[in-house]
Every structure is written in C-alpha cells, then in structure tokens.
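Undergrad: Dropping the structure in here first, questions after.
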Amino acid sequence: MAGKVRLKLDRSFREHAVQILPAMLGKFLSFRDQIENGGRDTDRLHRMRIAGKPLRYMMEASQPAFGAEFASCLREIEEALSVMGAIHECDVSIPVLADFHEEMKILNARVRDPKTDLQAKPVSNLVRLQKRKRSKLLRDLKTMLARWEREDFPARLAKSMEQRASRPKRYRRP
C-alpha cells in the first residue's frame, strides 16, 4: 500500500491526479486477495468499498483531463463499487430479516392460535433470496477482480493517464 503523497503548488490538477490515483487504486486493491479467497468477511468487503469511494470521486473529477481509456477505467471502478454496494445492502438486510423471522416464530409459538398466526415463510424466503443474491454478486465481484489482475488494471489505468482528452473543436465564424 502506498503512503501519503506530497502535492506541489506548481503542478496542475492533472499532474496531481497522475500522482495520486495509483496510490488510491493500490489502497483499494489491497483488499483484493482477501475478497477473492473468501468474501464472507463483511467488514473487509465494506472497507474495500469505502476505500474505493474516494478513488471514484477523484477519477470523476479528473476524467475531463484524460481520454476514453481513462473513462473506461472509471466505468469499471463505478461498476465494482455498485456491486459492492449491493452486497453491502444484502449484508445489512439478511440479519435484520433473519431476526424478524425468529421473532415471528417465537410469537407464533407463544400465541398458539392459527387465526392470528403470522406467516413466517415469506420472510424466510426473503432471507434465502437475499443470500442467493449476495452469493451471485460476490461471484460477479470476484470475476471482475480476477480479470483486473489478469489484465493488470493498475498498469492500464496508468497508461490511460498518459493520454490527454481530445479538445472540443471551437466554432469559427465563416
């Protein structure tokens, strides 16, 4: 993981982005092995997602200074963070739904009246669906991270920052 980056007042925003973004990407990807080898650790996955947010914001702010390949890298980061956000939503909802399901079962056992019985099955179905959704999303994320490793995403991002954005053509009067 990279340390702090010292910025210099005589440099442009673009030059600072070239200097800062690899360190931010390194911090984000430092969680990759732990996610690829497991993914059940909700805290590490959440910390990776949190580390990716400043990277995304810096890339969004820098995007006008770079070309199409940089924009493609930004879209991939956005997609990964979106998947991670959906996984986090599952990680939050599953325990809440499971607790609610247990409370419904306890209440039904205490009341023992079929007329007022709460239907716990739909809630248990929701828990199962959320677990399936999380598993699929985690597989998608692992596939994405493995591809980034194969394709050397950090090198691709660095190369994309060598390109400049094409300047819009100005209208000239005839």
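Residue numbering restarts at 1 in every chain; chains get A, B, ... in the order shown in the structure tokens, and ligands count up from 1 in that same order.
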Would you pick out the contacts of A:Leu45 at 10 Å or less, using only C-alpha atoms, so that residues sharing its chain but fewer than 5 positions from it are not included, and give the list as a list in words?

TA: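 Here the qualifying residues turn out to be Phe31, Arg32, Gln34, Ile35, Gly38, Gly39, Arg40, Ile50, Ala51, Met84, Gly85, Ile87, His88 and Leu138 of chain A.
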
Undergrad: Those residues with C-alpha atoms, as a PDB file, in the first residue's frame please?

TA:
```
ATOM      1  CA  PHE A  31      -8.221  -5.926  -0.122  1.00  0.00           C
ATOM      2  CA  ARG A  32      -8.468  -7.956  -3.339  1.00  0.00           C
ATOM      3  CA  GLN A  34      -8.906 -11.358   0.975  1.00  0.00           C
ATOM      4  CA  ILE A  35     -12.084 -10.901  -1.079  1.00  0.00           C
ATOM      5  CA  GLY A  38     -13.255 -15.653   0.924  1.00  0.00           C
ATOM      6  CA  GLY A  39     -15.700 -12.819   0.704  1.00  0.00           C
ATOM      7  CA  ARG A  40     -17.637 -13.837   3.787  1.00  0.00           C
ATOM      8  CA  ILE A  50     -15.131   2.627   1.463  1.00  0.00           C
ATOM      9  CA  ALA A  51     -11.538   2.794   0.119  1.00  0.00           C
ATOM     10  CA  MET A  84     -20.087  -3.872  -3.614  1.00  0.00           C
ATOM     11  CA  GLY A  85     -22.905  -1.552  -2.573  1.00  0.00           C
ATOM     12  CA  ILE A  87     -23.551  -6.796  -1.499  1.00  0.00           C
ATOM     13  CA  HIS A  88     -23.466  -4.418   1.467  1.00  0.00           C
ATOM     14  CA  LEU A 138     -19.897 -11.856  -4.784  1.00  0.00           C
TER      15      LEU A 138
END
```

Undergrad: Do a neighbour search on stretch 71-74 of chain A at 8 Å with only C-alpha atoms, toss out local chain neighbours closer than 5 positions, and write the hits as a list in words.

TA: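 So the residues in contact are Arg56, Met59, Glu60, Gln63, Phe66, Arg156 and Leu157 of chain A.
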
Undergrad: Generate a file of the selected residues that holds N, CA and C atoms, formatted as a PDB file, in the first residue's frame.

TA:
```pdb
ATOM      1  N   ARG A  56     -13.039   6.688  -6.758  1.00  0.00           N
ATOM      2  CA  ARG A  56     -14.066   7.010  -7.759  1.00  0.00           C
ATOM      3  C   ARG A  56     -14.266   8.519  -7.883  1.00  0.00           C
ATOM      4  N   MET A  59     -11.361  10.098  -9.615  1.00  0.00           N
ATOM      5  CA  MET A  59     -11.383   9.767 -11.040  1.00  0.00           C
ATOM      6  C   MET A  59     -12.465  10.566 -11.758  1.00  0.00           C
ATOM      7  N   GLU A  60     -13.626  10.724 -11.137  1.00  0.00           N
ATOM      8  CA  GLU A  60     -14.692  11.512 -11.755  1.00  0.00           C
ATOM      9  C   GLU A  60     -14.253  12.964 -11.942  1.00  0.00           C
ATOM     10  N   GLN A  63     -11.536  13.028 -14.781  1.00  0.00           N
ATOM     11  CA  GLN A  63     -11.889  12.437 -16.066  1.00  0.00           C
ATOM     12  C   GLN A  63     -11.808  13.407 -17.248  1.00  0.00           C
ATOM     13  N   PHE A  66      -8.416  13.442 -19.129  1.00  0.00           N
ATOM     14  CA  PHE A  66      -7.868  12.240 -19.744  1.00  0.00           C
ATOM     15  C   PHE A  66      -8.776  11.748 -20.862  1.00  0.00           C
ATOM     16  N   ARG A 156      -3.045  -0.514 -16.722  1.00  0.00           N
ATOM     17  CA  ARG A 156      -3.993   0.042 -17.689  1.00  0.00           C
ATOM     18  C   ARG A 156      -4.424   1.447 -17.289  1.00  0.00           C
ATOM     19  N   LEU A 157      -4.691   1.636 -15.994  1.00  0.00           N
ATOM     20  CA  LEU A 157      -5.065   2.966 -15.518  1.00  0.00           C
ATOM     21  C   LEU A 157      -3.904   3.946 -15.720  1.00  0.00           C
TER      22      LEU A 157
END
```

Undergrad: For the alpha helix (DSSP H) assignment from backbone DSSP, which residues of stretch 14-163 of chain A qualify? Please present them as a PyMOL selection string.

TA: chain A and resi 14-29+32-36+42-62+68-111+121-150+153-160

Undergrad: Could you save the residues just selected, with C-alpha atoms, as a CSV table (one decimal), in the first residue's frame?

TA:
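Contents of selection00.csv, as written:
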```
chain,number,residue,atom,x,y,z
A,14,ARG,CA,-4.0,16.7,-13.9
A,15,GLU,CA,-0.4,16.2,-12.7
A,16,HIS,CA,-1.6,15.6,-9.2
A,17,ALA,CA,-4.2,13.1,-10.4
A,18,VAL,CA,-1.4,11.2,-12.2
A,19,GLN,CA,0.5,11.1,-8.9
A,20,ILE,CA,-2.4,10.4,-6.5
A,21,LEU,CA,-4.6,7.9,-8.4
A,22,PRO,CA,-2.2,4.9,-8.4
A,23,ALA,CA,-1.8,5.2,-4.6
A,24,MET,CA,-5.6,5.4,-4.2
A,25,LEU,CA,-6.1,2.4,-6.5
A,26,GLY,CA,-3.4,0.5,-4.6
A,27,LYS,CA,-5.2,1.1,-1.3
A,28,PHE,CA,-8.5,-0.1,-2.9
A,29,LEU,CA,-6.9,-3.2,-4.4
A,32,ARG,CA,-8.5,-8.0,-3.3
A,33,ASP,CA,-6.8,-11.2,-2.2
A,34,GLN,CA,-8.9,-11.4,1.0
A,35,ILE,CA,-12.1,-10.9,-1.1
A,36,GLU,CA,-11.1,-13.4,-3.8
A,42,THR,CA,-18.4,-8.4,5.5
A,43,ASP,CA,-16.2,-5.9,7.3
A,44,ARG,CA,-13.2,-6.3,4.8
A,45,LEU,CA,-15.6,-6.1,1.9
A,46,HIS,CA,-17.1,-2.9,3.3
A,47,ARG,CA,-13.7,-1.4,4.0
A,48,MET,CA,-12.7,-2.1,0.4
A,49,ARG,CA,-15.8,-0.4,-0.8
A,50,ILE,CA,-15.1,2.6,1.5
A,51,ALA,CA,-11.5,2.8,0.1
A,52,GLY,CA,-12.9,2.8,-3.4
A,53,LYS,CA,-15.2,5.8,-3.0
A,54,PRO,CA,-12.5,8.5,-2.8
A,55,LEU,CA,-10.8,6.8,-5.8
A,56,ARG,CA,-14.1,7.0,-7.8
A,57,TYR,CA,-14.6,10.7,-6.8
A,58,MET,CA,-11.0,11.6,-7.7
A,59,MET,CA,-11.4,9.8,-11.0
A,60,GLU,CA,-14.7,11.5,-11.8
A,61,ALA,CA,-13.1,14.9,-11.0
A,62,SER,CA,-10.1,14.1,-13.2
A,68,ALA,CA,-11.5,7.5,-23.5
A,69,GLU,CA,-9.5,4.7,-21.9
A,70,PHE,CA,-9.5,6.5,-18.6
A,71,ALA,CA,-13.3,6.9,-18.8
A,72,SER,CA,-13.5,3.1,-19.4
A,73,CYS,CA,-11.4,2.5,-16.2
A,74,LEU,CA,-13.7,4.9,-14.3
A,75,ARG,CA,-16.8,2.9,-15.5
A,76,GLU,CA,-15.2,-0.3,-14.3
A,77,ILE,CA,-14.5,1.2,-10.9
A,78,GLU,CA,-18.1,2.5,-10.7
A,79,GLU,CA,-19.4,-0.9,-11.6
A,80,ALA,CA,-17.3,-2.6,-9.0
A,81,LEU,CA,-18.5,-0.2,-6.3
A,82,SER,CA,-22.1,-0.6,-7.4
A,83,VAL,CA,-21.8,-4.4,-7.0
A,84,MET,CA,-20.1,-3.9,-3.6
A,85,GLY,CA,-22.9,-1.6,-2.6
A,86,ALA,CA,-25.5,-4.2,-3.5
A,87,ILE,CA,-23.6,-6.8,-1.5
A,88,HIS,CA,-23.5,-4.4,1.5
A,89,GLU,CA,-27.2,-4.0,1.2
A,90,CYS,CA,-27.6,-7.8,1.4
A,91,ASP,CA,-25.2,-7.9,4.4
A,92,VAL,CA,-27.3,-5.4,6.2
A,93,SER,CA,-30.7,-6.8,5.3
A,94,ILE,CA,-30.0,-10.5,5.9
A,95,PRO,CA,-29.5,-10.3,9.7
A,96,VAL,CA,-32.5,-7.9,10.1
A,97,LEU,CA,-34.8,-10.3,8.1
A,98,ALA,CA,-33.4,-13.4,10.0
A,99,ASP,CA,-34.1,-11.7,13.4
A,100,PHE,CA,-37.6,-10.7,12.3
A,101,HIS,CA,-38.2,-14.3,11.2
A,102,GLU,CA,-37.1,-15.6,14.5
A,103,GLU,CA,-39.3,-13.1,16.4
A,104,MET,CA,-42.3,-14.2,14.3
A,105,LYS,CA,-41.7,-17.8,15.1
A,106,ILE,CA,-41.4,-17.0,18.8
A,107,LEU,CA,-44.6,-15.0,18.8
A,108,ASN,CA,-46.5,-17.8,16.9
A,109,ALA,CA,-45.3,-20.4,19.5
A,110,ARG,CA,-46.5,-18.2,22.4
A,111,VAL,CA,-49.9,-17.3,21.0
A,121,LYS,CA,-42.5,-18.4,5.4
A,122,PRO,CA,-42.4,-15.3,3.2
A,123,VAL,CA,-39.8,-13.8,5.5
A,124,SER,CA,-37.7,-17.0,5.4
A,125,ASN,CA,-38.0,-16.9,1.6
A,126,LEU,CA,-36.7,-13.3,1.6
A,127,VAL,CA,-33.7,-14.3,3.7
A,128,ARG,CA,-32.9,-17.2,1.3
A,129,LEU,CA,-33.3,-14.9,-1.8
A,130,GLN,CA,-31.0,-12.2,-0.2
A,131,LYS,CA,-28.4,-14.9,0.5
A,132,ARG,CA,-28.6,-16.1,-3.1
A,133,LYS,CA,-28.4,-12.6,-4.4
A,134,ARG,CA,-25.3,-11.9,-2.3
A,135,SER,CA,-23.6,-15.1,-3.5
A,136,LYS,CA,-24.2,-14.2,-7.1
A,137,LEU,CA,-23.0,-10.6,-6.6
A,138,LEU,CA,-19.9,-11.9,-4.8
A,139,ARG,CA,-19.1,-14.2,-7.7
A,140,ASP,CA,-19.5,-11.3,-10.1
A,141,LEU,CA,-17.2,-9.2,-8.0
A,142,LYS,CA,-14.6,-12.0,-7.7
A,143,THR,CA,-14.7,-12.4,-11.5
A,144,MET,CA,-14.2,-8.7,-12.0
A,145,LEU,CA,-11.2,-8.6,-9.6
A,146,ALA,CA,-9.6,-11.7,-11.2
A,147,ARG,CA,-10.0,-10.1,-14.6
A,148,TRP,CA,-8.4,-6.9,-13.3
A,149,GLU,CA,-5.5,-8.9,-12.0
A,150,ARG,CA,-5.1,-10.8,-15.3
A,153,PHE,CA,-5.7,-3.0,-14.2
A,154,PRO,CA,-3.2,-0.6,-12.4
A,155,ALA,CA,-1.0,-0.6,-15.5
A,156,ARG,CA,-4.0,0.0,-17.7
A,157,LEU,CA,-5.1,3.0,-15.5
A,158,ALA,CA,-1.5,4.4,-15.5
A,159,LYS,CA,-1.3,4.1,-19.3
A,160,SER,CA,-4.8,5.7,-19.7
```

Undergrad: For atom CA of A:Ala65 and atom CA of A:Asp152, quote the distance in Å rounded to one decimal.

TA: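 Rounded to one decimal, the two atoms are 22.3 Å apart.
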
Undergrad: Could you work out how far atom CA of A:Pro64 lies from atom CA of A:Glu162, giving the answer in Å with one decimal?

TA: 13.2 Å
